[in-house]
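Reproduced below: final_4.txt, with compact mmCIF, C-alpha atoms.
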```txt
# COMPACT_ATOMS: atom_id res chain seq x y z
CA MET A 128 66.36 167.23 118.76
CA SER A 129 66.33 164.06 120.85
CA GLU A 130 68.03 164.00 124.24
CA ALA A 131 68.82 160.29 123.85
CA PHE A 132 72.48 159.46 123.30
CA THR A 133 74.03 156.02 123.08
CA LEU A 134 77.75 155.53 123.70
CA TYR A 135 79.57 152.45 122.46
CA SER A 136 82.65 152.22 124.64
CA TYR A 137 85.39 150.02 126.03
CA PHE A 138 86.43 150.91 129.56
CA ARG A 139 90.17 150.95 128.80
CA SER A 140 89.99 152.78 125.46
CA SER A 141 91.53 156.23 125.83
CA ALA A 142 89.47 157.55 122.90
CA ALA A 143 86.27 156.37 124.57
CA TYR A 144 87.53 157.81 127.86
CA ARG A 145 87.72 161.24 126.20
CA VAL A 146 84.12 161.04 125.08
CA ARG A 147 82.95 159.91 128.51
CA ILE A 148 84.57 163.01 130.01
CA ALA A 149 82.97 165.26 127.40
CA LEU A 150 79.52 163.75 127.94
CA ASN A 151 79.89 164.22 131.69
CA LEU A 152 80.99 167.84 131.31
CA LYS A 153 77.93 168.46 129.14
CA GLY A 154 75.66 166.73 131.64
CA ILE A 155 74.56 164.18 129.04
CA LYS A 156 73.52 160.77 130.36
CA ALA A 157 74.27 158.36 127.55
CA ASP A 158 73.08 154.77 127.32
CA TYR A 159 76.33 152.80 127.77
CA ARG A 160 76.95 149.88 125.42
CA ALA A 161 80.13 147.93 126.10
CA VAL A 162 82.21 146.76 123.14
CA HIS A 163 84.97 144.48 124.40
CA LEU A 164 88.04 144.86 122.20
CA LEU A 165 89.49 141.46 123.17
CA LYS A 166 86.58 139.08 123.79
CA ASP A 167 85.08 137.03 120.95
CA GLY A 168 87.95 137.97 118.68
CA GLY A 169 87.13 141.63 119.29
CA GLN A 170 83.47 142.61 119.53
CA GLN A 171 84.23 145.71 117.46
CA HIS A 172 84.50 143.39 114.44
CA ALA A 173 80.96 142.04 114.81
CA PRO A 174 78.85 142.84 111.73
CA SER A 175 76.25 144.71 113.79
CA TYR A 176 78.90 147.05 115.20
CA ALA A 177 80.82 147.38 111.94
CA GLN A 178 77.61 148.68 110.37
CA LEU A 179 77.61 151.51 112.92
CA ASN A 180 81.33 152.18 112.67
CA PRO A 181 83.06 150.84 109.54
CA GLN A 182 86.47 151.50 111.12
CA GLU A 183 85.57 148.88 113.74
CA ILE A 184 86.95 150.94 116.61
CA VAL A 185 85.49 152.68 119.64
CA PRO A 186 83.96 155.01 120.53
CA THR A 187 80.77 155.52 118.59
CA VAL A 188 77.98 157.84 119.67
CA VAL A 189 74.49 157.50 118.26
CA HIS A 190 72.19 160.52 118.47
CA ASP A 191 68.96 161.16 116.58
CA GLY A 192 69.59 157.97 114.62
CA TYR A 193 72.98 159.19 113.41
CA ALA A 194 76.16 157.28 114.29
CA ILE A 195 79.33 159.31 114.80
CA GLY A 196 82.81 157.83 115.16
CA GLN A 197 86.17 159.40 116.04
CA SER A 198 86.41 160.95 119.48
CA LEU A 199 87.36 164.45 118.30
CA ALA A 200 84.48 164.56 115.84
CA ILE A 201 82.12 163.35 118.56
CA MET A 202 83.28 166.01 121.01
CA GLU A 203 82.96 168.83 118.49
CA TYR A 204 79.48 167.52 117.65
CA LEU A 205 78.55 167.60 121.34
CA ASP A 206 79.79 171.17 121.52
CA GLU A 207 77.52 172.13 118.65
CA VAL A 208 74.34 170.40 119.81
CA LYS A 209 74.84 171.37 123.48
CA PRO A 210 77.03 174.50 123.53
CA GLU A 211 77.15 174.94 127.31
CA PRO A 212 79.53 174.47 128.92
CA PRO A 213 81.86 174.93 125.94
CA LEU A 214 84.75 172.55 125.35
CA LEU A 215 86.76 175.23 123.52
CA PRO A 216 87.68 178.82 124.46
CA LYS A 217 85.67 181.65 122.94
CA ASP A 218 88.54 183.41 121.15
CA PRO A 219 90.12 182.05 117.93
CA ALA A 220 93.66 182.00 119.36
CA GLY A 221 92.47 180.16 122.46
CA ARG A 222 90.54 177.62 120.40
CA ALA A 223 93.59 177.04 118.22
CA ARG A 224 95.82 176.52 121.26
CA ALA A 225 93.40 174.09 122.92
CA ARG A 226 93.12 172.16 119.65
CA GLN A 227 96.91 172.12 119.23
CA LEU A 228 97.34 170.56 122.66
CA ALA A 229 94.50 168.11 122.09
CA TYR A 230 95.79 167.08 118.67
CA ALA A 231 99.30 166.58 120.06
CA VAL A 232 97.78 163.73 122.04
CA ALA A 233 95.03 162.49 119.75
CA CYS A 234 96.90 162.72 116.45
CA ASP A 235 100.54 162.15 117.41
CA ILE A 236 100.89 160.16 120.64
CA HIS A 237 97.80 157.99 120.86
CA PRO A 238 97.58 156.53 117.32
CA ILE A 239 100.94 154.74 117.56
CA ASN A 240 100.25 153.46 121.06
CA ASN A 241 96.73 152.09 120.79
CA LEU A 242 95.79 148.45 121.19
CA ARG A 243 95.69 147.43 117.54
CA VAL A 244 99.14 148.91 116.87
CA LEU A 245 100.64 147.22 119.92
CA ASN A 246 99.02 143.92 118.96
CA TYR A 247 100.48 144.20 115.45
CA LEU A 248 103.93 144.70 116.96
CA ARG A 249 103.40 141.49 118.94
CA LYS A 250 101.79 139.52 116.12
CA PRO A 251 102.68 139.27 113.27
CA LEU A 252 105.91 141.26 113.78
CA GLY A 253 107.00 139.10 116.68
CA HIS A 254 108.11 141.64 119.27
CA ASP A 255 107.98 140.56 122.90
CA ASP A 256 106.20 142.49 125.66
CA ASP A 257 109.36 144.30 126.80
CA GLU A 258 109.96 145.58 123.28
CA VAL A 259 106.34 146.63 122.87
CA ILE A 260 106.35 148.51 126.18
CA ALA A 261 109.64 150.17 125.22
CA TRP A 262 108.04 151.33 121.95
CA MET A 263 104.98 152.68 123.75
CA THR A 264 107.04 154.43 126.42
CA HIS A 265 109.38 156.07 123.90
CA TRP A 266 106.57 157.77 122.00
CA ILE A 267 104.57 158.70 125.08
CA ASP A 268 107.64 160.26 126.73
CA LEU A 269 108.51 162.20 123.59
CA GLY A 270 104.97 163.50 123.18
CA LEU A 271 104.32 164.35 126.82
CA GLY A 272 107.67 166.12 127.00
CA ALA A 273 106.65 168.41 124.17
CA ILE A 274 103.28 169.13 125.79
CA GLU A 275 104.96 169.89 129.12
CA THR A 276 107.14 172.46 127.33
CA MET A 277 104.13 173.94 125.51
CA LEU A 278 102.33 174.39 128.82
CA THR A 279 105.20 175.76 130.88
CA SER A 280 106.21 178.24 128.18
CA SER A 281 102.77 179.85 127.79
CA ALA A 282 101.06 182.41 130.00
CA ALA A 283 97.74 180.98 128.75
CA THR A 284 98.22 177.90 130.92
CA GLY A 285 96.18 178.15 134.08
CA ARG A 286 94.70 175.66 136.47
CA PHE A 287 94.03 173.58 133.37
CA CYS A 288 95.79 173.33 130.03
CA HIS A 289 94.20 176.58 128.86
CA GLY A 290 92.97 178.94 131.52
CA ASP A 291 90.96 177.93 134.54
CA THR A 292 88.24 175.80 132.98
CA PRO A 293 88.72 172.42 131.30
CA THR A 294 88.83 172.27 127.51
CA LEU A 295 89.35 169.73 124.76
CA ALA A 296 93.05 169.77 125.68
CA ASP A 297 92.44 168.44 129.19
CA ILE A 298 89.93 165.91 127.93
CA CYS A 299 92.58 164.43 125.64
CA LEU A 300 95.42 164.70 128.14
CA ILE A 301 93.89 162.78 131.04
CA PRO A 302 93.36 159.44 129.22
CA GLN A 303 96.88 159.67 127.81
CA MET A 304 98.23 160.03 131.34
CA ALA A 305 96.44 156.79 132.19
CA ASN A 306 98.12 155.13 129.21
CA ALA A 307 101.48 156.44 130.37
CA ARG A 308 101.01 154.73 133.72
CA ARG A 309 100.53 151.39 131.97
CA GLY A 310 103.99 151.74 130.44
CA ARG A 311 107.27 152.81 131.98
CA THR A 312 106.87 156.58 131.75
CA ASN A 313 108.23 158.50 134.74
CA LEU A 314 105.51 161.09 135.17
CA ASP A 315 107.58 162.95 137.74
CA LEU A 316 109.40 164.38 134.72
CA PHE A 317 106.19 166.22 133.81
CA PRO A 318 105.14 168.20 136.90
CA THR A 319 102.80 170.54 135.03
CA LEU A 320 100.92 167.61 133.51
CA LYS A 321 100.60 165.99 136.94
CA ARG A 322 99.33 169.23 138.45
CA ILE A 323 96.69 169.62 135.73
CA GLU A 324 95.72 165.96 136.06
CA ALA A 325 95.13 166.45 139.79
CA ALA A 326 92.97 169.52 139.09
CA CYS A 327 90.92 167.55 136.57
CA PHE A 328 90.26 164.72 138.98
CA GLU A 329 88.79 167.16 141.45
CA LEU A 330 85.89 167.42 138.99
CA PRO A 331 83.29 164.61 138.98
CA ALA A 332 83.11 164.76 135.19
CA PHE A 333 86.68 163.47 134.98
CA ALA A 334 86.65 161.20 138.02
CA ASP A 335 83.43 159.45 136.99
CA ALA A 336 84.77 158.80 133.47
CA ALA A 337 87.78 156.84 134.73
CA PRO A 338 88.16 153.31 133.33
CA GLY A 339 87.71 151.62 136.72
CA LYS A 340 84.30 153.22 137.20
CA GLN A 341 82.73 151.95 133.99
CA PRO A 342 80.13 149.15 133.87
CA ASP A 343 82.47 146.92 131.85
CA ALA A 344 85.56 147.51 134.01
CA GLU A 345 87.60 144.40 134.76
```

Take the structure in the file and give it back as structure tokens.
Amino acid sequence: MSEAFTLYSYFRSSAAYRVRIALNLKGIKADYRAVHLLKDGGQQHAPSYAQLNPQEIVPTVVHDGYAIGQSLAIMEYLDEVKPEPPLLPKDPAGRARARQLAYAVACDIHPINNLRVLNYLRKPLGHDDDEVIAWMTHWIDLGLGAIETMLTSSAATGRFCHGDTPTLADICLIPQMANARRGRTNLDLFPTLKRIEAACFELPAFADAAPGKQPDAE
């Protein structure tokens, strides 16, 4: 198996942010290829990129000549080809809980707040920026509130979302917190999430994956 990985990423994409964290946790140095989602009409729509990822979104990881899209699929692939350190707990109940928390972000909050959805609200639906931000904030607040309750009501919550080592849940949470800060979310309402976020950023794997530290950061 080749050790060469290529990551197609956009610095501000929360899905790409997740994969950057996972790669860092695994100690994988990927060749970074920037795909700007706004320049040139959206570089993700270029035929060369669309051939790699027919959804025309980021991220995409290429390994051993095989292109993989969708951040959750990429992260589970990384866990299979490089099992240590694991991104999921060892026990079935723990894995299910970490996935539940991760999916609450990746499947429920993020999809209706990503760039292409917000741009569709602006054009062609004609909503102004205040209305778009209100939409984004409503769904982020609702989702993060549920996750806060899930975390505070479970003895399985530790320093991180599940126990005392980061899992898929933390990897999905941290980019969503960054998205929340771009809206009007009052994160003081979610003290457990803020505590876990602070613990994550003590780890270089999370800190080095931040949008402002990427080669294409603006």

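Distances from A:Leu278, A:Asp335, A:Ala220, A:Cys299 to A:Leu320 were compared using all atoms listed in the file, and the smallest one belongs to A:Leu278.
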
Residues within 10 Å of stretch 284-297 of chain A, all atoms listed in the file, excluding chain neighbours under 6 positions, as a count of residues only
39

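Taking atom CA of A:Ser175 as the reference point, atom CA of A:Val162 is found at 11.3 Å.
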
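The interatomic distance for the pair atom CA of A:Leu252 and atom CA of A:Ala177 works out to 25.9 Å.
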
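Of the listed residues A:Ala305, A:Asn246, A:Ala200, A:Val189, the one whose atoms come nearest to A:Leu165 is A:Asn246, with distances taken using only C-alpha atoms.
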
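Between A:Met263 and the candidates A:Thr312, A:Asn240, A:Gln182, A:Ser136, the tightest atom-to-atom separation, counting only C-alpha atoms, involves A:Asn240.
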
Just to confirm, what's the straight-line distance from atom CA of A:Ile239 to atom CA of A:Ala143 in Å (one decimal)?
16.3 Å

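Shortest separation to A:Leu242 among A:Gly339, A:Pro210, A:Gly196, A:Gly169 occurs at residue A:Gly169, atoms counted being only C-alpha atoms.
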
Please determine, counting only C-alpha atoms, which residue among A:Gly192, A:Lys153, A:Gln170, A:Trp262 has the shortest atom-to-atom distance to A:Glu207.
A:Lys153

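With distances taken from (82.9, 147.4, 134.0) and restricted to all atoms listed in the file, the residues inside 10 Å are Tyr137, Phe138, Arg139, Ala161, Pro338, Gly339, Lys340, Gln341, Pro342, Asp343, Ala344 and Glu345 of chain A.
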
Dump as a short mmCIF file (atom, residue, chain, number, x, y, z; two decimals), keeping the file's coordinate frame, selection limited to C-alpha atoms:
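So the final result, stored in again-v3.cif, reads:
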```cif
data_model
loop_
_atom_site.label_atom_id
_atom_site.label_comp_id
_atom_site.auth_asym_id
_atom_site.auth_seq_id
_atom_site.Cartn_x
_atom_site.Cartn_y
_atom_site.Cartn_z
CA TYR A 137 85.39 150.02 126.03
CA PHE A 138 86.43 150.91 129.56
CA ARG A 139 90.17 150.95 128.80
CA ALA A 161 80.13 147.93 126.10
CA PRO A 338 88.16 153.31 133.33
CA GLY A 339 87.71 151.62 136.72
CA LYS A 340 84.30 153.22 137.20
CA GLN A 341 82.73 151.95 133.99
CA PRO A 342 80.13 149.15 133.87
CA ASP A 343 82.47 146.92 131.85
CA ALA A 344 85.56 147.51 134.01
CA GLU A 345 87.60 144.40 134.76
#
```

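When only C-alpha atoms are used to measure the gap to A:Leu316, the shortest distance among A:Leu248, A:Ile195, A:Leu269, A:Val188 belongs to A:Leu269.
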
Mind giving me the axis-aligned box for stretch 164-170 of chain A with 8 Å on every side, centre plus edges in Å to one decimal, as AutoDock Vina command-line options?
```
--center_x 86.5 --center_y 140.9 --center_z 121.2 --size_x 22.0 --size_y 23.8 --size_z 21.1
```
